[in-house]
>>> print(open('query_17.txt').read())   # compact mmCIF, C-alpha atoms
# COMPACT_ATOMS: atom_id res chain seq x y z
CA MET A 1 -23.80 -11.66 -30.46
CA SER A 2 -26.11 -9.42 -28.50
CA SER A 3 -29.58 -10.41 -27.46
CA PHE A 4 -32.29 -9.31 -25.05
CA GLY A 5 -35.20 -11.48 -24.02
CA PHE A 6 -37.89 -12.21 -21.47
CA SER A 7 -38.42 -15.51 -19.69
CA ALA A 8 -41.45 -16.79 -17.82
CA ASP A 9 -39.30 -19.66 -16.51
CA PRO A 10 -36.54 -19.38 -13.90
CA LEU A 11 -33.38 -17.87 -15.36
CA ASP A 12 -30.47 -20.20 -16.11
CA PRO A 13 -27.15 -18.36 -15.73
CA ALA A 14 -25.01 -21.40 -16.55
CA ARG A 15 -26.71 -21.72 -19.92
CA TYR A 16 -26.56 -18.01 -20.76
CA ARG A 17 -22.89 -17.86 -19.80
CA GLN A 18 -22.11 -20.62 -22.32
CA LEU A 19 -23.53 -18.46 -25.11
CA LEU A 20 -20.94 -15.75 -24.45
CA ILE A 21 -17.81 -17.91 -24.42
CA ASP A 22 -15.23 -16.84 -26.97
CA ASP A 23 -11.59 -17.92 -27.13
CA ALA A 24 -10.54 -14.39 -28.06
CA CYS A 25 -12.03 -12.99 -24.83
CA GLY A 26 -10.10 -12.51 -21.63
CA GLY A 27 -12.84 -11.10 -19.46
CA PHE A 28 -16.44 -11.91 -18.61
CA VAL A 29 -18.67 -9.90 -16.27
CA SER A 30 -22.17 -10.86 -15.23
CA PHE A 31 -24.82 -9.18 -13.13
CA GLU A 32 -27.72 -10.90 -11.44
CA GLY A 33 -30.62 -9.07 -9.87
CA TRP A 34 -32.13 -11.07 -7.02
CA VAL A 35 -35.48 -10.61 -5.31
CA ARG A 36 -34.63 -9.16 -1.91
CA ASN A 37 -36.61 -9.92 1.23
CA HIS A 38 -37.07 -6.21 1.87
CA ASN A 39 -37.41 -2.87 0.13
CA ASP A 40 -37.08 0.44 1.96
CA ASN A 41 -37.09 -1.51 5.24
CA ARG A 42 -40.40 -3.14 4.41
CA PRO A 43 -40.44 -6.97 4.43
CA VAL A 44 -41.26 -8.38 0.98
CA VAL A 45 -42.62 -11.91 0.59
CA ARG A 46 -42.91 -12.22 -3.19
CA LEU A 47 -43.30 -10.11 -6.29
CA GLU A 48 -44.55 -10.03 -9.82
CA TYR A 49 -43.01 -8.65 -13.00
CA GLN A 50 -45.15 -7.65 -15.93
CA ALA A 51 -43.61 -6.52 -19.23
CA TYR A 52 -44.80 -4.98 -22.46
CA GLU A 53 -42.77 -7.57 -24.26
CA GLU A 54 -42.99 -6.45 -27.89
CA LEU A 55 -41.63 -2.99 -27.16
CA GLY A 56 -39.43 -4.31 -24.35
CA ARG A 57 -37.54 -6.59 -26.70
CA LYS A 58 -36.91 -3.73 -29.12
CA GLU A 59 -35.75 -1.36 -26.40
CA GLY A 60 -33.63 -4.02 -24.71
CA GLN A 61 -31.98 -4.80 -28.03
CA ARG A 62 -31.28 -1.09 -28.53
CA VAL A 63 -29.58 -0.94 -25.14
CA LEU A 64 -27.35 -3.87 -26.06
CA GLU A 65 -26.44 -2.32 -29.40
CA GLU A 66 -25.55 0.93 -27.65
CA ALA A 67 -23.29 -1.01 -25.29
CA ARG A 68 -21.53 -2.59 -28.26
CA GLN A 69 -20.96 0.82 -29.80
CA LYS A 70 -19.74 2.49 -26.62
CA PHE A 71 -17.46 -0.29 -25.35
CA GLU A 72 -15.16 -2.80 -27.01
CA ILE A 73 -17.05 -5.93 -26.17
CA SER A 74 -17.48 -9.21 -27.95
CA SER A 75 -20.90 -10.42 -26.83
CA ALA A 76 -23.68 -9.32 -24.51
CA LEU A 77 -26.85 -10.98 -23.33
CA CYS A 78 -29.67 -9.89 -21.05
CA VAL A 79 -32.69 -11.91 -19.94
CA HIS A 80 -35.44 -10.51 -17.72
CA ARG A 81 -37.85 -12.69 -15.82
CA VAL A 82 -41.61 -12.08 -15.95
CA GLY A 83 -44.41 -13.51 -13.82
CA ALA A 84 -44.49 -14.46 -10.12
CA LEU A 85 -41.16 -14.54 -8.26
CA GLU A 86 -40.20 -15.65 -4.78
CA ILE A 87 -37.51 -14.24 -2.49
CA GLY A 88 -34.08 -15.20 -3.82
CA ASP A 89 -35.29 -15.75 -7.39
CA MET A 90 -33.29 -14.13 -10.14
CA ALA A 91 -35.13 -11.23 -11.75
CA VAL A 92 -32.58 -10.31 -14.39
CA TRP A 93 -29.29 -11.62 -15.77
CA VAL A 94 -26.76 -9.60 -17.77
CA GLY A 95 -23.52 -11.04 -19.16
CA VAL A 96 -20.79 -9.45 -21.23
CA SER A 97 -17.60 -10.93 -22.68
CA ALA A 98 -14.75 -8.79 -23.98
CA HIS A 99 -11.08 -8.90 -24.81
CA HIS A 100 -10.34 -6.78 -21.75
CA ARG A 101 -12.11 -6.50 -18.41
CA ASP A 102 -12.54 -2.74 -18.39
CA ALA A 103 -14.96 -2.86 -21.33
CA ALA A 104 -16.78 -5.86 -19.86
CA PHE A 105 -17.38 -4.11 -16.52
CA LYS A 106 -18.47 -0.83 -18.08
CA ALA A 107 -20.78 -2.45 -20.62
CA CYS A 108 -22.42 -4.72 -18.03
CA ARG A 109 -23.10 -1.73 -15.79
CA TYR A 110 -24.39 0.35 -18.68
CA ILE A 111 -26.76 -2.40 -19.76
CA ILE A 112 -28.38 -3.02 -16.38
CA ASP A 113 -28.71 0.70 -15.66
CA GLU A 114 -30.37 1.40 -19.00
CA ILE A 115 -32.57 -1.69 -18.88
CA LYS A 116 -33.92 -0.62 -15.51
CA HIS A 117 -34.71 2.87 -16.72
CA ARG A 118 -35.99 2.30 -20.23
CA VAL A 119 -37.46 -1.16 -20.79
CA PRO A 120 -41.21 -1.32 -20.08
CA ILE A 121 -41.22 -3.72 -17.14
CA TRP A 122 -43.24 -3.21 -13.97
CA LYS A 123 -42.83 -4.72 -10.55
CA LYS A 124 -45.53 -5.40 -7.99
CA GLU A 125 -44.30 -6.09 -4.49
CA HIS A 126 -46.29 -8.15 -2.00
CA TYR A 127 -45.46 -7.29 1.60
CA ALA A 128 -45.44 -9.35 4.77
CA ASP A 129 -48.40 -7.33 6.10
CA GLY A 130 -50.58 -8.40 3.16
CA ASP A 131 -50.36 -5.08 1.37
CA SER A 132 -49.03 -4.87 -2.17
CA GLY A 133 -48.17 -2.21 -4.69
CA TRP A 134 -46.75 -1.42 -8.11
CA ILE A 135 -43.35 0.21 -7.66
CA ASN A 136 -42.95 3.77 -9.01
CA CYS A 137 -46.60 4.05 -10.03
CA MET B 1 -18.26 -13.98 4.23
CA SER B 2 -15.14 -13.08 2.31
CA SER B 3 -12.59 -15.59 1.19
CA PHE B 4 -9.66 -15.86 -1.21
CA GLY B 5 -8.17 -19.13 -2.36
CA PHE B 6 -6.16 -20.97 -4.99
CA SER B 7 -7.30 -24.01 -6.92
CA ALA B 8 -5.26 -26.54 -8.89
CA ASP B 9 -8.53 -27.90 -10.30
CA PRO B 10 -10.78 -26.19 -12.85
CA LEU B 11 -12.80 -23.39 -11.28
CA ASP B 12 -16.48 -24.02 -10.61
CA PRO B 13 -18.47 -20.76 -10.86
CA ALA B 14 -21.83 -22.38 -10.15
CA ARG B 15 -20.56 -23.67 -6.81
CA TYR B 16 -18.88 -20.39 -5.81
CA ARG B 17 -21.99 -18.42 -6.72
CA GLN B 18 -24.04 -20.56 -4.32
CA LEU B 19 -21.79 -19.50 -1.45
CA LEU B 20 -22.71 -15.84 -1.96
CA ILE B 21 -26.48 -16.18 -2.04
CA ASP B 22 -28.24 -14.09 0.58
CA ASP B 23 -31.95 -13.24 0.74
CA ALA B 24 -31.13 -9.70 1.84
CA CYS B 25 -29.11 -9.09 -1.33
CA GLY B 26 -30.50 -7.55 -4.49
CA GLY B 27 -27.39 -7.59 -6.62
CA PHE B 28 -24.64 -10.03 -7.55
CA VAL B 29 -21.70 -9.27 -9.83
CA SER B 30 -19.11 -11.77 -10.95
CA PHE B 31 -15.96 -11.51 -13.01
CA GLU B 32 -14.26 -14.37 -14.82
CA GLY B 33 -10.80 -14.14 -16.33
CA TRP B 34 -10.46 -16.48 -19.29
CA VAL B 35 -7.29 -17.67 -21.02
CA ARG B 36 -7.27 -15.83 -24.33
CA ASN B 37 -5.90 -17.31 -27.53
CA HIS B 38 -3.66 -14.29 -28.01
CA ASN B 39 -1.75 -11.62 -26.12
CA ASP B 40 -0.39 -8.49 -27.79
CA ASN B 41 -1.31 -10.03 -31.15
CA ARG B 42 0.76 -13.13 -30.44
CA PRO B 43 -1.08 -16.48 -30.63
CA VAL B 44 -1.09 -18.26 -27.26
CA VAL B 45 -1.65 -22.02 -27.06
CA ARG B 46 -1.61 -22.60 -23.29
CA LEU B 47 -0.26 -21.12 -20.12
CA GLU B 48 0.83 -21.82 -16.60
CA TYR B 49 0.14 -19.99 -13.34
CA GLN B 50 2.45 -20.31 -10.40
CA ALA B 51 1.64 -18.71 -7.04
CA TYR B 52 3.40 -18.09 -3.76
CA GLU B 53 0.33 -19.44 -2.05
CA GLU B 54 1.04 -18.75 1.63
CA LEU B 55 1.54 -15.03 1.08
CA GLY B 56 -0.98 -14.98 -1.76
CA ARG B 57 -3.78 -16.14 0.50
CA LYS B 58 -2.95 -13.46 3.06
CA GLU B 59 -2.75 -10.70 0.45
CA GLY B 60 -5.89 -11.90 -1.32
CA GLN B 61 -7.74 -11.92 1.99
CA ARG B 62 -6.53 -8.38 2.66
CA VAL B 63 -7.92 -7.25 -0.69
CA LEU B 64 -11.31 -8.75 0.12
CA GLU B 65 -11.37 -7.10 3.54
CA GLU B 66 -10.53 -3.76 1.95
CA ALA B 67 -13.42 -4.23 -0.46
CA ARG B 68 -15.76 -4.88 2.44
CA GLN B 69 -14.61 -1.69 4.15
CA LYS B 70 -14.81 0.49 1.06
CA PHE B 71 -18.14 -0.73 -0.30
CA GLU B 72 -21.40 -1.86 1.28
CA ILE B 73 -21.27 -5.48 0.27
CA SER B 74 -22.55 -8.63 1.89
CA SER B 75 -20.13 -11.32 0.66
CA ALA B 76 -17.14 -11.62 -1.62
CA LEU B 77 -15.19 -14.57 -2.93
CA CYS B 78 -12.17 -14.90 -5.20
CA VAL B 79 -10.52 -18.09 -6.43
CA HIS B 80 -7.42 -18.12 -8.63
CA ARG B 81 -6.36 -21.12 -10.66
CA VAL B 82 -2.80 -22.42 -10.54
CA GLY B 83 -1.04 -24.96 -12.77
CA ALA B 84 -1.40 -25.64 -16.49
CA LEU B 85 -4.31 -24.00 -18.31
CA GLU B 86 -5.66 -24.31 -21.83
CA ILE B 87 -7.28 -21.66 -24.01
CA GLY B 88 -10.75 -20.87 -22.69
CA ASP B 89 -10.00 -22.13 -19.18
CA MET B 90 -10.99 -19.86 -16.33
CA ALA B 91 -7.98 -18.32 -14.60
CA VAL B 92 -9.78 -16.37 -11.91
CA TRP B 93 -13.30 -15.95 -10.54
CA VAL B 94 -14.52 -13.05 -8.43
CA GLY B 95 -18.06 -12.78 -7.06
CA VAL B 96 -19.70 -10.15 -4.88
CA SER B 97 -23.22 -9.94 -3.47
CA ALA B 98 -24.66 -6.74 -2.04
CA HIS B 99 -27.93 -5.07 -1.15
CA HIS B 100 -27.49 -2.71 -4.11
CA ARG B 101 -25.78 -3.18 -7.45
CA ASP B 102 -23.54 -0.12 -7.31
CA ALA B 103 -21.54 -1.55 -4.41
CA ALA B 104 -21.40 -4.99 -6.02
CA PHE B 105 -19.98 -3.60 -9.30
CA LYS B 106 -17.44 -1.37 -7.59
CA ALA B 107 -16.25 -4.03 -5.17
CA CYS B 108 -15.92 -6.68 -7.88
CA ARG B 109 -13.84 -4.31 -9.99
CA TYR B 110 -11.72 -3.29 -7.02
CA ILE B 111 -11.02 -6.90 -6.10
CA ILE B 112 -9.88 -8.07 -9.54
CA ASP B 113 -7.76 -4.95 -10.08
CA GLU B 114 -6.00 -5.33 -6.73
CA ILE B 115 -5.60 -9.09 -7.01
CA LYS B 116 -3.87 -8.65 -10.36
CA HIS B 117 -1.48 -6.06 -8.98
CA ARG B 118 -0.69 -7.35 -5.53
CA VAL B 119 -1.11 -11.10 -5.15
CA PRO B 120 2.09 -13.04 -5.93
CA ILE B 121 0.96 -15.01 -8.96
CA TRP B 122 2.99 -15.40 -12.13
CA LYS B 123 1.93 -16.37 -15.61
CA LYS B 124 3.98 -18.16 -18.23
CA GLU B 125 2.61 -18.02 -21.75
CA HIS B 126 3.37 -20.67 -24.35
CA TYR B 127 3.11 -19.35 -27.89
CA ALA B 128 2.13 -20.99 -31.15
CA ASP B 129 5.69 -20.62 -32.44
CA GLY B 130 7.06 -22.77 -29.59
CA ASP B 131 8.45 -19.85 -27.61
CA SER B 132 7.36 -19.17 -24.06
CA GLY B 133 7.89 -16.53 -21.41
CA TRP B 134 6.98 -15.32 -17.95
CA ILE B 135 4.84 -12.22 -18.29
CA ASN B 136 6.20 -8.97 -16.79
CA CYS B 137 9.50 -10.60 -15.79
CA MET C 1 -64.29 9.13 -34.53
CA ILE C 2 -61.25 6.86 -34.75
CA ARG C 3 -60.88 3.32 -33.54
CA ILE C 4 -57.95 2.63 -31.20
CA ARG C 5 -56.69 -0.60 -29.63
CA VAL C 6 -55.40 0.13 -26.12
CA GLU C 7 -53.35 -2.34 -24.07
CA PHE C 8 -53.01 -1.90 -20.30
CA PHE C 9 -50.14 -2.87 -18.01
CA ALA C 10 -49.41 -2.82 -14.30
CA MET C 11 -51.56 -0.48 -12.23
CA LEU C 12 -53.52 0.63 -15.29
CA ARG C 13 -54.48 -2.97 -16.04
CA GLU C 14 -55.71 -3.44 -12.49
CA HIS C 15 -57.80 -0.27 -12.59
CA ALA C 16 -59.23 -1.02 -16.03
CA GLY C 17 -59.93 -4.60 -14.98
CA ARG C 18 -58.76 -5.82 -18.38
CA ALA C 19 -55.59 -6.18 -20.45
CA ASN C 20 -56.88 -4.37 -23.53
CA GLU C 21 -59.77 -2.45 -24.92
CA ASP C 22 -60.99 -1.37 -28.37
CA ILE C 23 -62.26 2.16 -28.13
CA GLU C 24 -63.95 4.60 -30.51
CA THR C 25 -62.88 8.08 -29.55
CA ASP C 26 -62.74 11.71 -30.58
CA ALA C 27 -59.37 12.11 -28.83
CA GLY C 28 -56.91 13.84 -31.14
CA THR C 29 -53.75 13.00 -29.20
CA ALA C 30 -52.45 10.28 -26.92
CA ALA C 31 -52.73 12.69 -23.99
CA GLU C 32 -56.40 13.35 -24.75
CA LEU C 33 -57.05 9.61 -25.00
CA TYR C 34 -55.36 9.09 -21.63
CA ALA C 35 -57.57 11.76 -20.05
CA GLU C 36 -60.65 10.05 -21.47
CA LEU C 37 -59.55 6.60 -20.18
CA SER C 38 -58.57 8.05 -16.81
CA GLY C 39 -62.08 9.33 -16.33
CA ARG C 40 -63.69 6.09 -17.40
CA HIS C 41 -61.45 3.77 -15.33
CA SER C 42 -60.62 6.09 -12.42
CA PHE C 43 -56.86 5.81 -13.01
CA PRO C 44 -54.88 7.26 -10.12
CA ALA C 45 -52.60 10.20 -10.80
CA ILE C 46 -49.32 8.82 -12.12
CA GLY C 47 -46.39 11.12 -12.82
CA SER C 48 -44.07 10.81 -15.84
CA MET C 49 -46.48 8.79 -17.96
CA LYS C 50 -45.12 7.78 -21.36
CA VAL C 51 -46.81 6.31 -24.37
CA ALA C 52 -46.08 3.88 -27.18
CA ILE C 53 -47.94 4.01 -30.45
CA ASN C 54 -47.76 1.01 -32.76
CA GLN C 55 -45.00 -0.53 -30.62
CA GLU C 56 -42.67 2.46 -30.61
CA PHE C 57 -42.21 5.13 -27.99
CA ALA C 58 -44.05 8.30 -28.97
CA ASP C 59 -44.80 11.75 -27.66
CA LEU C 60 -47.95 12.20 -25.61
CA ASP C 61 -48.89 15.03 -27.99
CA SER C 62 -48.68 12.71 -30.98
CA ARG C 63 -51.79 12.74 -33.17
CA LEU C 64 -53.67 9.46 -33.17
CA ALA C 65 -54.80 7.79 -36.37
CA ASP C 66 -57.55 5.30 -36.94
CA GLY C 67 -56.31 1.79 -36.16
CA ASP C 68 -53.43 2.83 -33.91
CA ALA C 69 -52.33 0.50 -31.11
CA VAL C 70 -51.68 2.54 -27.98
CA VAL C 71 -49.96 1.57 -24.73
CA PHE C 72 -49.60 3.96 -21.80
CA ILE C 73 -46.36 3.37 -19.93
CA PRO C 74 -46.18 4.28 -16.24
CA PRO C 75 -42.68 4.65 -14.75
CA VAL C 76 -40.88 1.35 -15.24
CA ALA C 77 -39.29 -0.76 -12.50
CA GLY C 78 -37.32 -3.59 -14.03
CA GLY C 79 -34.29 -5.34 -12.58
CA MET D 1 27.10 -15.81 8.74
CA ILE D 2 23.34 -16.32 8.90
CA ARG D 3 21.34 -19.18 7.54
CA ILE D 4 18.45 -18.25 5.18
CA ARG D 5 15.83 -20.39 3.48
CA VAL D 6 15.08 -18.98 0.03
CA GLU D 7 12.12 -20.03 -2.11
CA PHE D 8 12.07 -19.32 -5.85
CA PHE D 9 9.13 -18.66 -8.16
CA ALA D 10 8.55 -18.10 -11.85
CA MET D 11 11.59 -17.02 -13.84
CA LEU D 12 13.80 -17.15 -10.77
CA ARG D 13 12.89 -20.78 -10.18
CA GLU D 14 13.76 -21.64 -13.75
CA HIS D 15 17.11 -19.90 -13.54
CA ALA D 16 17.97 -21.41 -10.15
CA GLY D 17 16.84 -24.81 -11.38
CA ARG D 18 15.20 -25.46 -8.03
CA ALA D 19 12.22 -24.33 -5.93
CA ASN D 20 14.19 -23.51 -2.80
CA GLU D 21 17.63 -23.30 -1.34
CA ASP D 22 19.19 -23.09 2.13
CA ILE D 23 22.01 -20.63 2.05
CA GLU D 24 24.65 -19.41 4.51
CA THR D 25 25.42 -15.83 3.73
CA ASP D 26 27.06 -12.64 4.92
CA ALA D 27 24.36 -10.56 3.24
CA GLY D 28 23.02 -7.95 5.65
CA THR D 29 19.89 -7.06 3.70
CA ALA D 30 17.47 -8.72 1.31
CA ALA D 31 18.92 -6.61 -1.51
CA GLU D 32 22.41 -7.87 -0.78
CA LEU D 33 21.16 -11.45 -0.70
CA TYR D 34 19.47 -10.93 -4.07
CA ALA D 35 22.72 -9.62 -5.55
CA GLU D 36 24.56 -12.69 -4.25
CA LEU D 37 21.94 -15.09 -5.67
CA SER D 38 21.80 -13.21 -8.96
CA GLY D 39 25.49 -13.78 -9.41
CA ARG D 40 25.31 -17.43 -8.50
CA HIS D 41 22.24 -18.28 -10.66
CA SER D 42 22.69 -15.73 -13.45
CA PHE D 43 19.29 -14.17 -12.83
CA PRO D 44 18.29 -11.82 -15.64
CA ALA D 45 17.75 -8.16 -14.81
CA ILE D 46 14.19 -7.83 -13.49
CA GLY D 47 12.73 -4.41 -12.67
CA SER D 48 10.55 -3.70 -9.65
CA MET D 49 11.63 -6.73 -7.65
CA LYS D 50 9.90 -7.08 -4.28
CA VAL D 51 10.63 -9.34 -1.36
CA ALA D 52 8.78 -11.22 1.34
CA ILE D 53 10.43 -12.15 4.61
CA ASN D 54 8.77 -14.79 6.78
CA GLN D 55 5.66 -14.68 4.58
CA GLU D 56 5.09 -10.94 4.75
CA PHE D 57 6.01 -8.26 2.25
CA ALA D 58 9.15 -6.43 3.36
CA ASP D 59 11.50 -3.73 2.19
CA LEU D 60 14.51 -4.79 0.12
CA ASP D 61 16.65 -2.87 2.60
CA SER D 62 15.30 -4.94 5.51
CA ARG D 63 18.00 -6.52 7.69
CA LEU D 64 18.02 -10.28 7.50
CA ALA D 65 18.16 -12.44 10.62
CA ASP D 66 19.33 -15.98 11.05
CA GLY D 67 16.56 -18.41 10.13
CA ASP D 68 14.58 -16.00 7.96
CA ALA D 69 12.53 -17.38 5.06
CA VAL D 70 12.99 -15.13 2.03
CA VAL D 71 11.05 -15.01 -1.24
CA PHE D 72 11.94 -12.62 -4.05
CA ILE D 73 8.85 -11.47 -5.92
CA PRO D 74 9.19 -10.43 -9.58
CA PRO D 75 6.35 -8.32 -11.01
CA VAL D 76 3.16 -10.35 -10.64
CA ALA D 77 0.77 -11.29 -13.44
CA GLY D 78 -2.34 -12.86 -12.00
CA GLY D 79 -5.81 -12.82 -13.47
>>> encode(input="query_17.txt", output="structure tokens")
Amino acid sequence: MSSFGFSADPLDPARYRQLLIDDACGGFVSFEGWVRNHNDNRPVVRLEYQAYEELGRKEGQRVLEEARQKFEISSALCVHRVGALEIGDMAVWVGVSAHHRDAAFKACRYIIDEIKHRVPIWKKEHYADGDSGWINC
Amino acid sequence: MSSFGFSADPLDPARYRQLLIDDACGGFVSFEGWVRNHNDNRPVVRLEYQAYEELGRKEGQRVLEEARQKFEISSALCVHRVGALEIGDMAVWVGVSAHHRDAAFKACRYIIDEIKHRVPIWKKEHYADGDSGWINC
Amino acid sequence: MIRIRVEFFAMLREHAGRANEDIETDAGTAAELYAELSGRHSFPAIGSMKVAINQEFADLDSRLADGDAVVFIPPVAGG
Amino acid sequence: MIRIRVEFFAMLREHAGRANEDIETDAGTAAELYAELSGRHSFPAIGSMKVAINQEFADLDSRLADGDAVVFIPPVAGG
């Protein structure tokens, strides 16, 4: 199983984890991206993610398929939050199960790195001073 | 915070994860070791972990402190199960939170690798054919 | 003249004041269409712009065809 | 003669048939004590044996002192 999706609701790691359980697997690695209270030393109070979901799902799915080809994994799942997020909210969850931990670690890292660089998602940060801005734009 | 411990009860990843939450952190990586239904192509039906807990806690704590010195992480936690385990049970949980994901991934990997090599824990596998054996002994 | 459906995201959506727009244009390529929209909506200069045509990544020099759905993709920032 | 408290784990515990043992011995080092116990309990040959003395890892050539707590550590297999 490999699946990429977006969620407008808070992410639910316990539920996603269940989807990856496999008696043949000895290792499971997950990554969670959390909304930090600062960025480049600037206090952040909340933020907003906007995604081009149709293309994002395709590209996210391609990333997961690449991970399955590059590493010996059993299952992989990635869910990215969209909409308004508060400090401490989970922005993205990635989980990978595999027979051996080496593949699980490498695939999980590959997936989050590629997702961040390739999937059309944008982040607007709102700062403590009232300013706000789209990151990277 | 960094802490290593043993548990005779089933591991509880949702509870451990809570202990690592930090508003300054942007990344969280966790590893779970699951009891596989096979090892070297031999069907496994259950297994048993035994630990020299007094020294194990010291050595586990040393591993976590090393991880904190080597990588820029905020918190790290590792709990290893002892006693009788069934297929699919969680044998070990490692979690790391950090400002940035690179440190979280590297520290999590470092911790599980070192724990496996250095902490005095032994595993006895029980096979489908009725045989059993202590691994590595 | 061809008819193009453009969808805006992030900073482009804020500058355009809308999520999408149906436009009749003489633009031959995605890059030419972006220049036309930039003028109309006063888009700020954004480096490394990409484009998707009909829900697939495409080259900015790609020729546009009547009925294409076009999305300009500023640098992404997921995770 | 010194008095040593030995604790057994894993395969050693199974072969000794007990979790610990108080022993009076002439062994000067941990390695000599292990040889003595191996004979008594018919321990199988185990490579890369380590030892802990008084709850810290130690060298197998370490001198033993009266009252020491000794644990022989076969190759570990956590995780």
>>> residues_around(input="query_17.txt", residues="range 119-123 of chain A", least_positions_apart="4", cutoff="7 Å", atoms="all atoms listed in the file", output="ChimeraX atom specification")
/A:47-52,56,59-60,115,134-135 /C:10,73,76-78
>>> interface_residues(input="query_17.txt", of="chain D", to="chain B", cutoff="12 Å", atoms="all atoms listed in the file", output="JSON, numbers by chain")
{"D": [7, 8, 9, 10, 11, 12, 13, 14, 15, 19, 43, 44, 45, 46, 47, 48, 49, 50, 51, 52, 53, 54, 55, 56, 57, 58, 69, 70, 71, 72, 73, 74, 75, 76, 77, 78, 79]}
>>> interface_residues(input="query_17.txt", of="chain B", to="chain A", cutoff="10 Å", atoms="only C-alpha atoms", output="PyMOL selection string")
chain B and resi 13-14+21-39+87-102+104-106+108-109+112-113
>>> axis_aligned_box(input="query_17.txt", around="range 5-20 of chain A", padding_each_side="6 Å", output="lines of an AutoDock Vina configuration file")
center_x = -31.2
center_y = -16.6
center_z = -19.5
size_x = 32.5
size_y = 22.2
size_z = 23.2
>>> atom_distance(input="query_17.txt", atom1="CA of Leu64 in chain B", atom2="CA of Ala103 in chain B")
13.3 Å
>>> atom_distance(input="query_17.txt", atom1="CA of Ile2 in chain D", atom2="CA of Arg40 in chain D")
17.5 Å
>>> residues_around(input="query_17.txt", residues="Ala27 in chain C", least_positions_apart="6", cutoff="10 Å", atoms="only C-alpha atoms", output="list in words")
Met1, Ile2, Ile4, Leu33, Tyr34, Ala35, Glu36, Arg63, Leu64 and Ala65 of chain C
>>> write_last_selection(input="query_17.txt", atoms="C-alpha atoms", output="JSON list (two decimals), in the coordinates of the input")
[["chain", "number", "residue", "atom", "x", "y", "z"],
["C", 1, "MET", "CA", -64.29, 9.13, -34.53],
["C", 2, "ILE", "CA", -61.25, 6.86, -34.75],
["C", 4, "ILE", "CA", -57.95, 2.63, -31.20],
["C", 33, "LEU", "CA", -57.05, 9.61, -25.00],
["C", 34, "TYR", "CA", -55.36, 9.09, -21.63],
["C", 35, "ALA", "CA", -57.57, 11.76, -20.05],
["C", 36, "GLU", "CA", -60.65, 10.05, -21.47],
["C", 63, "ARG", "CA", -51.79, 12.74, -33.17],
["C", 64, "LEU", "CA", -53.67, 9.46, -33.17],
["C", 65, "ALA", "CA", -54.80, 7.79, -36.37]]
>>> closest_residue(input="query_17.txt", among="A:Leu19, A:Met1, A:Ala107, A:Ala8", to="Glu66 in chain A", atoms="all atoms listed in the file")
A:Ala107
>>> atom_distance(input="query_17.txt", atom1="CA of Gly130 in chain B", atom2="CA of Glu86 in chain B")
15.0 Å
>>> closest_residue(input="query_17.txt", among="C:Arg5, C:Leu60, C:Gly17, C:Gly67", to="Glu32 in chain C", atoms="only C-alpha atoms")
C:Leu60
>>> residues_near_point(input="query_17.txt", point="(-45.9, -9.5, 1.9)", cutoff="9 Å", atoms="all atoms listed in the file", output="JSON, numbers by chain")
{"A": [42, 43, 44, 45, 46, 47, 125, 126, 127, 128, 129, 130, 131, 132]}
